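This report concerns only the one structure given below.
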Amino acid sequence: MSNPCKDGIVLIGFMGAGKSTVAVELGHSCHLPVLDLDREIEHFSGRSIPEIFADSGEEAFRRSETEVLRRLLDQAPLILATGGGVIGRSENWPLLRQLGRVVYLRVSWETLLVRIGAGEGRPLAGDRECLQALFEQRLPLYEKADLVIDGEGGSPVSVARDILRTLYWEKA
Ligand code: S3P
C-alpha cells in the first residue's frame with residue numbers, strides 16, 4: 001500500500017487559504033515534522049514578519065524565504081505551510097519540490113477577503129486593490145502545483161483528508 005505522506009507535502013496558496021491549519025491536520029496523519037515557513041523565518045531572524053517588512057523591506061523578506069527553504073532541505077520530507085508569496089521567485093520552485101509534493105489550496109477571492117479581514121500581521125494586506133491585483137497576478141503561479149485541492153468548502157480536517165486521498169490514489 002502506498003503512503004501518501006512519503007514524499008512530504010508543501011502547501012501553497014494565497015493569504016487566508018488555510019495552509020497553516022491544514023498543515024497541522026496533515027501532521028496528525030503523517031508522521032513527519034510540521035513546519036510553517038513564516039515561523040521558521042521569524043525564528044532564524046529573531047524578528048516578526050511585520051518587523052522584517054518594516055525594517056528591511058519586502059525584497060529582504062523574499063531572500064530570507066529562499067534561504068530558509070534551503071536550510072530546511074536537510075529535514076525533508078516534511079509537512080510545510082508556506083507564505084502566500086513563496087511562489088514568486090523561480091529559484092524557490094525546485095526547493096519546494098525537494099521538500100514535498102506541492103499542493104495548492106485553492107480558495108475564491110471572496111472567501112479569502114473575509115478570512116483576511118483587516119489583514120493584521122500581514123504587511124501586504126493593507127490595501128484591498130493592491131491585494132486583489134496580487135491575487136490575480138499569482139493565480140497562474142499557484143496552478144503550477146503538483147496538485148490543486150479545493151480549500152474553500154470543507155473544514156481543515158476534510159481538506160487534509162482530500163489531500164491525502166488524492167495523493168494516495170495518484171500513487172496507487
Ligand atoms: C505573504 C504572505 C504571508 C507572509 C508575508 C507575505 C504574501 O503569509 O509570508 O506576510 O506575500 O502573500 P500567509 O500566506 O501565511 O499569510
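Every chain in the C-alpha cells takes a letter, A first, then B, and so on in the order presented; its residues are numbered from 1, and the ligands are numbered from 1 following the presented order.
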
(request) List all protein, DNA and RNA residues that have any atom at most 6 Å from ligand 1, counting only C-alpha atoms and all ligand atoms, and write the list as a ChimeraX atom specification. (result) /A:14-16,38,83-85,122-124

Using only C-alpha atoms, tabulate the residues of range 15-42 of chain A lying at most 12 Å from any atom of range 47-68 of chain A, each with its closest atom pair and that distance in Å to one decimal, by chain and increasing residue number, as JSON lines.
{"residue": "A:Leu35", "atom": "CA", "partner": "A:Val68", "partner_atom": "CA", "distance": 11.4}
{"residue": "A:Asp36", "atom": "CA", "partner": "A:Val68", "partner_atom": "CA", "distance": 10.8}
{"residue": "A:Leu37", "atom": "CA", "partner": "A:Glu65", "partner_atom": "CA", "distance": 7.4}
{"residue": "A:Asp38", "atom": "CA", "partner": "A:Ile49", "partner_atom": "CA", "distance": 7.1}
{"residue": "A:Arg39", "atom": "CA", "partner": "A:Ser48", "partner_atom": "CA", "distance": 8.4}
{"residue": "A:Glu40", "atom": "CA", "partner": "A:Val68", "partner_atom": "CA", "distance": 7.1}
{"residue": "A:Ile41", "atom": "CA", "partner": "A:Val68", "partner_atom": "CA", "distance": 6.4}
{"residue": "A:Glu42", "atom": "CA", "partner": "A:Arg47", "partner_atom": "CA", "distance": 5.2}

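Inside chain A, the residues DSSP reads as strand (DSSP E) when given the backbone are A:Ile9, A:Val10, A:Leu11, A:Ile12, A:Val34, A:Leu35, A:Asp36, A:Ile79, A:Leu80, A:Ala81, A:Arg101, A:Val102, A:Val103, A:Tyr104, A:Leu105, A:Arg106, A:Leu147, A:Val148, A:Ile149, A:Asp150.
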
(request) Excluding range 87-103 of chain A and any residue of its chain fewer than 6 positions from it, enumerate the residues within 7 Å of it, using only C-alpha atoms, and give them as a list of chain:residue names. (result) A:Asp7, A:Gly8, A:Ile9, A:Val10, A:Leu11, A:Ile12, A:Thr66, A:Leu69, A:Arg70, A:Leu73, A:Ala76, A:Pro77, A:Leu78, A:Leu141, A:Tyr142, A:Ala145, A:Asp146, A:Leu147, A:Val148, A:Ile149

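Distance-wise, CA of Gly18 in chain A and CA of Ser155 in chain A end up 9.5 Å apart.
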